[in-house]
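The structure appears below as structure tokens.
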2 protein chains.
Amino acid sequence: MLRKTDRMVNQIAALGRGDTTARHLAEAALSRAEAFHGLNAFVALDPEKVLAAAEASDGRRAARTTLGPLDGIPIAVKDNYLTADYPTTACSDALPLEPAGVDATLVARLRRGGAVIFGKTNMHEWAYGATNTTSSFGPTRNPHNPRHITGGSSGGSAAAVSAGIVTAALGSDTGGSIRIPASACGIYGFKPTYGRASRHGVLPLSWSLDAPGPLAASLDDLAVLLSCLLGEDAGDAATRGSRPFRPVAAHSRTVRLLHLTGPGLERSAEVDASVAAALQSARGCMVDTRELPGMRRFFGAWETILHCEATAYHQPLLAANAAGFSTVTRAHLEAGQYLSAQELLRAQQVRAEFCTLLASGLGDWDALVLPTLPVPAPAMDSDWQAFGGRRVTTQDSMTWFCWPGNLAGLPAVTLPCGLSSAGLPIGIMLMGRPGQDERLLQIAKRFDPAINLTE
Amino acid sequence: MLRKTDRMVNQIAALGRGDTTARHLAEAALSRAEAFHGLNAFVALDPEKVLAAAEASDGRRAARTTLGPLDGIPIAVKDNYLTADYPTTACSDALPLEPAGVDATLVARLRRGGAVIFGKTNMHEWAYGATNTTSSFGPTRNPHNPRHITGGSSGGSAAAVSAGIVTAALGSDTGGSIRIPASACGIYGFKPTYGRASRHGVLPLSWSLDAPGPLAASLDDLAVLLSCLLGEDAGDAATRGSRPFRPVAAHSRTVRLLHLTGPGLERSAEVDASVAAALQSARGCMVDTRELPGMRRFFGAWETILHCEATAYHQPLLAANAAGFSTVTRAHLEAGQYLSAQELLRAQQVRAEFCTLLASGLGDWDALVLPTLPVPAPAMDSDWQAFGGRRVTTQDSMTWFCWPGNLAGLPAVTLPCGLSSAGLPIGIMLMGRPGQDERLLQIAKRFDPAINLTE
């Protein structure tokens, strides 16, 4: 769906030249949101607030007091970020709907940069799932084919960018929730290194895995957003010592890519072919293929940590208002109560082992390469996926390649790399070493010109 | 018991001057070990091995190829350190008694420095207790009064130094196990910052709390030992990036001491008076007194983490040989199986809160001050201690002030600060900021000349 002209960097340039206004961008976005109402991407969107913010931006531009590159750009926000002027529900009936009165740190940073907060986007209830079919507002629909899911849990954010309503949106990622819908909807998504983006004011799912970050229409858009978002925040202890994002210049050194395969990393034939073609087209890359052993064990550790932490956070609300949770989310949260300390400790040890394996057990590498999803966006009503000799639930197929990035806290980016025979997007994922978010984005640029859908 | 002449630095000087030999030091230590056999400080000590190592040292000295300041110094090792040439039992019947064939990293560092490994010392079974009365070799006895306990779990190491058998010994500290017996026996003990001393080859009690370190006859002795022991070791991931210990020079800047009090930090009147007198005598110190709130909650977090991790480590051996554990240790380990993941996560969160409180919630401080123990060494047969309006088990009274240093990973040092009316030692404890072990030792020196027992 994306066209090159839909990029945020083009909007920034047009605003700078005076070829457009913030009000015009806001009106266009509002009218497009109206046109794509059937996608169910937004759960709250107030045209008056949007237009008021756009006019304030135009006023600053007239007075030559713009606040930065994002001034006047409409940006959508996932409904698990606290926002001063919109309710925050995590798309669950368990929460009250009143506006929080305060902004999450990342929302506040966007506003300080002049961005026009463009409503709240639909998500998988509490971010506790990767299909975006479980939501108190109903499922989101894929702009490439509305009978297919967006993936989740940041499905509304991905649909809004993919449909060209906005050029950027905020999401959050605990096991792929930024990358999954970005890939399924054919856009770009970036999960920063754990601890580089503040979670202050983002409703948690699993505090040792959660990473907020942007979805956008190009790698250059991601760079502008990350420059505004990343860095230390007193509200989130995990960000202590975290550096702001400073884009690095391109260089010609050969980068070493490790394409991961093996049991637990199966993918469908057409996804595999797309990733292989992308790897062949990338310039200045040396590609090794390598099996990653013990995936089921590492996956078990991720799942145990996720369930234990999610239950710990939700326990009080679950006790007060169990009926407010969907049946499936409640079942997850209740199961988390019966895991033992011994099981959690074991998972934490296996996690440490996994980090060591990636840090030093795989030799030298600059980026790990995987498809983002083993299959294109599944149909709304399909509960199972079959690929590469595996048959797994649609839910598990969505996190299939993504959870390792959360378990090890790595930065990860997904970019579109073609369409399936059914015309659904396929994505390629690159993961970098912890803290090397800038370098990862630079490596992604070696792929993008040859494969992306936006030209 | 200690006299100034018993210090290791004096032994080093005498060896350097040629006034004594390693063989002479070893013989004197062996004969003193024989004389103090009734203390039950040693569980393995082989005169032949000791004399052979001493003669090798004398040979190096004659050839002018000594290995460092420790060359020729007899040093005892707690029985939870693996040693190539002695069995390692953790003073439990659950373990086989064969020599390990390999040295723990810290033992290897002592040997590489020329030290004469002087047998293995008695300890509380598996280090899972602080009285040293539970041991497959029977209780250790306090050199100041053999009807009183040494405290533990490094009780044999403390007794050996206190009785002047050796001037230094290795211990390990999970909730005070170096500091408790050092204080109860009137000597010096140092728990390094978590992760500055390698645990490789030290049988674990609780891997996120355990810190190995030295017991000695003076602060200068500790400095020599720490310089040999601390620093990175590939065998212990927690030491990654850990610096070697480099003693810092004295300076005249006023140091800010925070004397902690309040509920949960009660102490007997005579202990309180000794610490108050020590604080008054210290030069160049500004002392604030401050309550530390929420101690019961923080203690609960320490205990939960301890039990969960200890059970995780011992589970296989417990399953294979439950009868090998003492009743009380087995009860602890079995209880650890029934703690839930939710309880452990809560404890880990409270722990993070405690670290934040100490790091930034108490304002500026250079060292935290507490008595090391709330009472002098209890009598062998007393199961309860009463002090400052509290009545607690002898076990709990031993860890009363020490566990916070482990929960927050702080460096901590105990030094003698007088005798009780019954002639039993009283100790004062200083805790520094994480990583500032050198600075902590320097601060301790401001107290030592005025109060120590060794002049």
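Every chain in the structure tokens takes a letter, A first, then B, and so on in the order presented; its residues are numbered from 1, and the ligands are numbered from 1 following the presented order.
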List every residue of chain A that has an atom at most 9 Å from any atom of chain B, and for each one report the closest atom pair and its distance in Å to one decimal, counting only C-alpha atoms, with rows sorted by chain and then by increasing residue number, as a tab-separated table.
residue	atom	partner	partner_atom	distance
A:Cys308	CA	B:Ala341	CA	6.4
A:Glu309	CA	B:Leu345	CA	7.3
A:Thr311	CA	B:Gln342	CA	7.7
A:Ala312	CA	B:Gln342	CA	6.0
A:Gly336	CA	B:Gln342	CA	8.1
A:Gln337	CA	B:Gln342	CA	6.6
A:Tyr338	CA	B:Ser340	CA	7.1
A:Leu339	CA	B:Ala341	CA	5.5
A:Ser340	CA	B:Ser340	CA	4.1
A:Ala341	CA	B:Ala341	CA	3.8
A:Gln342	CA	B:Ala312	CA	6.0
A:Glu343	CA	B:Ala341	CA	7.2
A:Leu344	CA	B:Ala341	CA	5.7
A:Leu345	CA	B:Glu309	CA	7.4
A:Arg346	CA	B:Ala312	CA	7.8
With N, CA and C atoms kept, could you save the residues just selected as a PDB file, in the first residue's frame?
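Saved the output as out03.pdb:
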ATOM      1  N   CYS A 308       4.777 -15.076  34.274  1.00  0.00           N
ATOM      2  CA  CYS A 308       4.977 -14.718  35.688  1.00  0.00           C
ATOM      3  C   CYS A 308       4.887 -13.205  35.882  1.00  0.00           C
ATOM      4  N   GLU A 309       5.555 -12.457  35.019  1.00  0.00           N
ATOM      5  CA  GLU A 309       5.568 -11.001  35.195  1.00  0.00           C
ATOM      6  C   GLU A 309       4.198 -10.400  34.888  1.00  0.00           C
ATOM      7  N   THR A 311       1.295 -11.815  35.228  1.00  0.00           N
ATOM      8  CA  THR A 311       0.401 -12.117  36.347  1.00  0.00           C
ATOM      9  C   THR A 311       0.707 -11.222  37.540  1.00  0.00           C
ATOM     10  N   ALA A 312       1.975 -11.016  37.820  1.00  0.00           N
ATOM     11  CA  ALA A 312       2.343 -10.161  38.959  1.00  0.00           C
ATOM     12  C   ALA A 312       1.773  -8.760  38.785  1.00  0.00           C
ATOM     13  N   GLY A 336      -0.522 -18.066  35.360  1.00  0.00           N
ATOM     14  CA  GLY A 336       0.716 -17.490  35.894  1.00  0.00           C
ATOM     15  C   GLY A 336       0.835 -17.593  37.402  1.00  0.00           C
ATOM     16  N   GLN A 337      -0.304 -17.750  38.073  1.00  0.00           N
ATOM     17  CA  GLN A 337      -0.257 -17.841  39.536  1.00  0.00           C
ATOM     18  C   GLN A 337       0.281 -19.179  40.008  1.00  0.00           C
ATOM     19  N   TYR A 338       0.252 -20.189  39.137  1.00  0.00           N
ATOM     20  CA  TYR A 338       0.631 -21.520  39.590  1.00  0.00           C
ATOM     21  C   TYR A 338       2.042 -21.920  39.200  1.00  0.00           C
ATOM     22  N   LEU A 339       2.753 -21.009  38.560  1.00  0.00           N
ATOM     23  CA  LEU A 339       4.157 -21.296  38.288  1.00  0.00           C
ATOM     24  C   LEU A 339       4.948 -21.121  39.584  1.00  0.00           C
ATOM     25  N   SER A 340       5.927 -21.989  39.806  1.00  0.00           N
ATOM     26  CA  SER A 340       6.682 -21.936  41.061  1.00  0.00           C
ATOM     27  C   SER A 340       7.920 -21.069  40.920  1.00  0.00           C
ATOM     28  N   ALA A 341       8.445 -20.660  42.066  1.00  0.00           N
ATOM     29  CA  ALA A 341       9.690 -19.891  42.070  1.00  0.00           C
ATOM     30  C   ALA A 341      10.810 -20.676  41.395  1.00  0.00           C
ATOM     31  N   GLN A 342      10.798 -21.998  41.575  1.00  0.00           N
ATOM     32  CA  GLN A 342      11.837 -22.823  40.958  1.00  0.00           C
ATOM     33  C   GLN A 342      11.745 -22.762  39.434  1.00  0.00           C
ATOM     34  N   GLU A 343      10.515 -22.768  38.906  1.00  0.00           N
ATOM     35  CA  GLU A 343      10.342 -22.683  37.460  1.00  0.00           C
ATOM     36  C   GLU A 343      10.807 -21.325  36.930  1.00  0.00           C
ATOM     37  N   LEU A 344      10.486 -20.272  37.674  1.00  0.00           N
ATOM     38  CA  LEU A 344      10.906 -18.939  37.244  1.00  0.00           C
ATOM     39  C   LEU A 344      12.433 -18.788  37.286  1.00  0.00           C
ATOM     40  N   LEU A 345      13.047 -19.281  38.367  1.00  0.00           N
ATOM     41  CA  LEU A 345      14.512 -19.184  38.480  1.00  0.00           C
ATOM     42  C   LEU A 345      15.182 -19.932  37.328  1.00  0.00           C
ATOM     43  N   ARG A 346      14.640 -21.109  37.029  1.00  0.00           N
ATOM     44  CA  ARG A 346      15.189 -21.895  35.930  1.00  0.00           C
ATOM     45  C   ARG A 346      15.089 -21.090  34.625  1.00  0.00           C
TER      46      ARG A 346
END
**OP:** Output as a PyMOL selection string all residues of stretch 93-295 of chain A that backbone DSSP marks as strand (DSSP E or B).
**Re:** chain A and resi 99+116-121+142+145+148+168-173+188-191+202+211-216+255-261+285-291
Would you mind exporting N, CA and C atoms of the selected residues as a tab-separated table (two decimals), in the first residue's frame?
chain	number	residue	atom	x	y	z
A	99	PRO	N	-9.43	9.78	30.50
A	99	PRO	CA	-8.08	10.20	30.11
A	99	PRO	C	-7.18	10.24	31.35
A	116	VAL	N	1.76	16.04	16.20
A	116	VAL	CA	0.31	16.10	16.42
A	116	VAL	C	-0.15	14.70	16.82
A	117	ILE	N	-0.48	14.52	18.11
A	117	ILE	CA	-0.90	13.19	18.57
A	117	ILE	C	-2.22	12.85	17.89
A	118	PHE	N	-2.19	11.77	17.08
A	118	PHE	CA	-3.31	11.45	16.21
A	118	PHE	C	-4.07	10.23	16.75
A	119	GLY	N	-4.72	10.41	17.91
A	119	GLY	CA	-5.60	9.38	18.46
A	119	GLY	C	-4.88	8.16	18.99
A	120	LYS	N	-5.69	7.20	19.42
A	120	LYS	CA	-5.19	5.97	20.03
A	120	LYS	C	-5.56	4.79	19.14
A	121	THR	N	-4.62	3.85	19.02
A	121	THR	CA	-4.83	2.74	18.08
A	121	THR	C	-5.21	1.44	18.78
A	142	ASN	N	-6.44	-6.10	8.11
A	142	ASN	CA	-5.22	-5.80	7.37
A	142	ASN	C	-5.54	-4.97	6.11
A	145	ASN	N	-5.64	-6.80	2.86
A	145	ASN	CA	-6.79	-7.69	2.67
A	145	ASN	C	-7.56	-7.75	3.98
A	148	HIS	N	-7.91	-10.60	6.43
A	148	HIS	CA	-6.72	-11.11	7.12
A	148	HIS	C	-6.40	-10.25	8.33
A	168	ALA	N	3.52	7.49	10.80
A	168	ALA	CA	4.24	6.93	11.95
A	168	ALA	C	3.28	6.71	13.10
A	169	ALA	N	3.65	5.74	13.96
A	169	ALA	CA	2.84	5.43	15.14
A	169	ALA	C	3.74	4.82	16.20
A	170	LEU	N	3.28	4.91	17.46
A	170	LEU	CA	4.00	4.25	18.54
A	170	LEU	C	3.40	2.87	18.79
A	171	GLY	N	4.28	1.93	19.13
A	171	GLY	CA	3.87	0.59	19.51
A	171	GLY	C	4.69	0.12	20.70
A	172	SER	N	4.47	-1.12	21.10
A	172	SER	CA	5.29	-1.71	22.16
A	172	SER	C	5.46	-3.17	21.83
A	173	ASP	N	6.57	-3.77	22.33
A	173	ASP	CA	7.03	-5.06	21.84
A	173	ASP	C	7.58	-5.90	22.98
A	188	TYR	N	7.48	-0.69	8.23
A	188	TYR	CA	8.73	-0.77	8.98
A	188	TYR	C	8.45	-0.66	10.48
A	189	GLY	N	9.16	-1.45	11.28
A	189	GLY	CA	8.98	-1.35	12.73
A	189	GLY	C	10.31	-1.56	13.42
A	190	PHE	N	10.52	-0.88	14.53
A	190	PHE	CA	11.81	-0.94	15.22
A	190	PHE	C	11.59	-1.16	16.71
A	191	LYS	N	12.11	-2.27	17.22
A	191	LYS	CA	12.14	-2.52	18.66
A	191	LYS	C	13.51	-2.14	19.18
A	202	VAL	N	3.73	3.54	29.98
A	202	VAL	CA	3.24	2.51	29.07
A	202	VAL	C	2.78	1.33	29.94
A	211	ALA	N	9.54	-3.44	25.38
A	211	ALA	CA	10.30	-2.36	24.74
A	211	ALA	C	9.36	-1.54	23.86
A	212	PRO	N	9.12	-0.28	24.19
A	212	PRO	CA	8.31	0.56	23.30
A	212	PRO	C	9.15	1.05	22.13
A	213	GLY	N	8.47	1.40	21.03
A	213	GLY	CA	9.21	1.88	19.87
A	213	GLY	C	8.27	2.27	18.74
A	214	PRO	N	8.85	2.71	17.61
A	214	PRO	CA	8.04	3.25	16.52
A	214	PRO	C	7.75	2.26	15.38
A	215	LEU	N	6.64	2.50	14.69
A	215	LEU	CA	6.32	1.90	13.40
A	215	LEU	C	6.25	3.05	12.41
A	216	ALA	N	6.73	2.84	11.18
A	216	ALA	CA	6.78	3.96	10.25
A	216	ALA	C	6.80	3.48	8.81
A	255	VAL	N	29.53	-6.10	6.20
A	255	VAL	CA	28.90	-6.50	7.45
A	255	VAL	C	28.64	-8.00	7.43
A	256	ARG	N	28.80	-8.60	8.61
A	256	ARG	CA	28.63	-10.04	8.73
A	256	ARG	C	27.23	-10.37	9.22
A	257	LEU	N	26.48	-11.02	8.36
A	257	LEU	CA	25.11	-11.39	8.70
A	257	LEU	C	25.06	-12.87	9.03
A	258	LEU	N	24.29	-13.22	10.04
A	258	LEU	CA	24.10	-14.61	10.42
A	258	LEU	C	22.63	-14.94	10.20
A	259	HIS	N	22.37	-15.73	9.18
A	259	HIS	CA	21.00	-16.14	8.88
A	259	HIS	C	20.71	-17.38	9.71
A	260	LEU	N	19.76	-17.28	10.64
A	260	LEU	CA	19.50	-18.36	11.59
A	260	LEU	C	18.46	-19.33	11.04
A	261	THR	N	18.74	-20.62	11.24
A	261	THR	CA	17.82	-21.66	10.77
A	261	THR	C	17.78	-22.78	11.80
A	285	CYS	N	27.48	-7.32	2.10
A	285	CYS	CA	27.17	-8.20	3.22
A	285	CYS	C	27.78	-9.57	2.99
A	286	MET	N	28.30	-10.17	4.07
A	286	MET	CA	28.79	-11.53	4.03
A	286	MET	C	27.78	-12.34	4.85
A	287	VAL	N	27.18	-13.35	4.22
A	287	VAL	CA	26.09	-14.07	4.89
A	287	VAL	C	26.53	-15.48	5.29
A	288	ASP	N	26.43	-15.80	6.58
A	288	ASP	CA	26.60	-17.18	7.04
A	288	ASP	C	25.24	-17.71	7.47
A	289	THR	N	25.03	-19.00	7.28
A	289	THR	CA	23.79	-19.62	7.75
A	289	THR	C	24.16	-20.51	8.93
A	290	ARG	N	23.33	-20.45	9.98
A	290	ARG	CA	23.72	-21.15	11.20
A	290	ARG	C	22.49	-21.64	11.95
A	291	GLU	N	22.56	-22.86	12.45
A	291	GLU	CA	21.47	-23.35	13.29
A	291	GLU	C	21.60	-22.77	14.69
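Taking atom CA of A:Pro244 and atom CA of A:Thr89 as endpoints, the distance between them is 29.3 Å.
The space between atom CA of A:Ala104 and atom CA of A:Gly72 spans 19.5 Å.
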**OP:** Would you please give, as a list in words, all residues of stretch 378-450 of chain B that DSSP assigns to helix (DSSP H, G or I) based on the backbone?
**Re:**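 Taking stretch 378-450 of chain B and keeping helix (DSSP H, G or I) gives Thr394, Gln395, Asp396, Ser397, Met398, Thr399, Trp403, Pro404, Gly405, Asn406, Leu407, Asp437, Glu438, Arg439, Leu440, Leu441, Gln442, Ile443, Ala444, Asp448, Pro449 and Ala450 of chain B.
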Subject >> Who sits within 12 Å of B:Arg199, only C-alpha atoms, same chain under 4 positions skipped, as a VMD selection string >> reply: chain B and resid 80 to 82 103 to 107 170 to 174 192 194 to 195 203 to 213 229 to 239
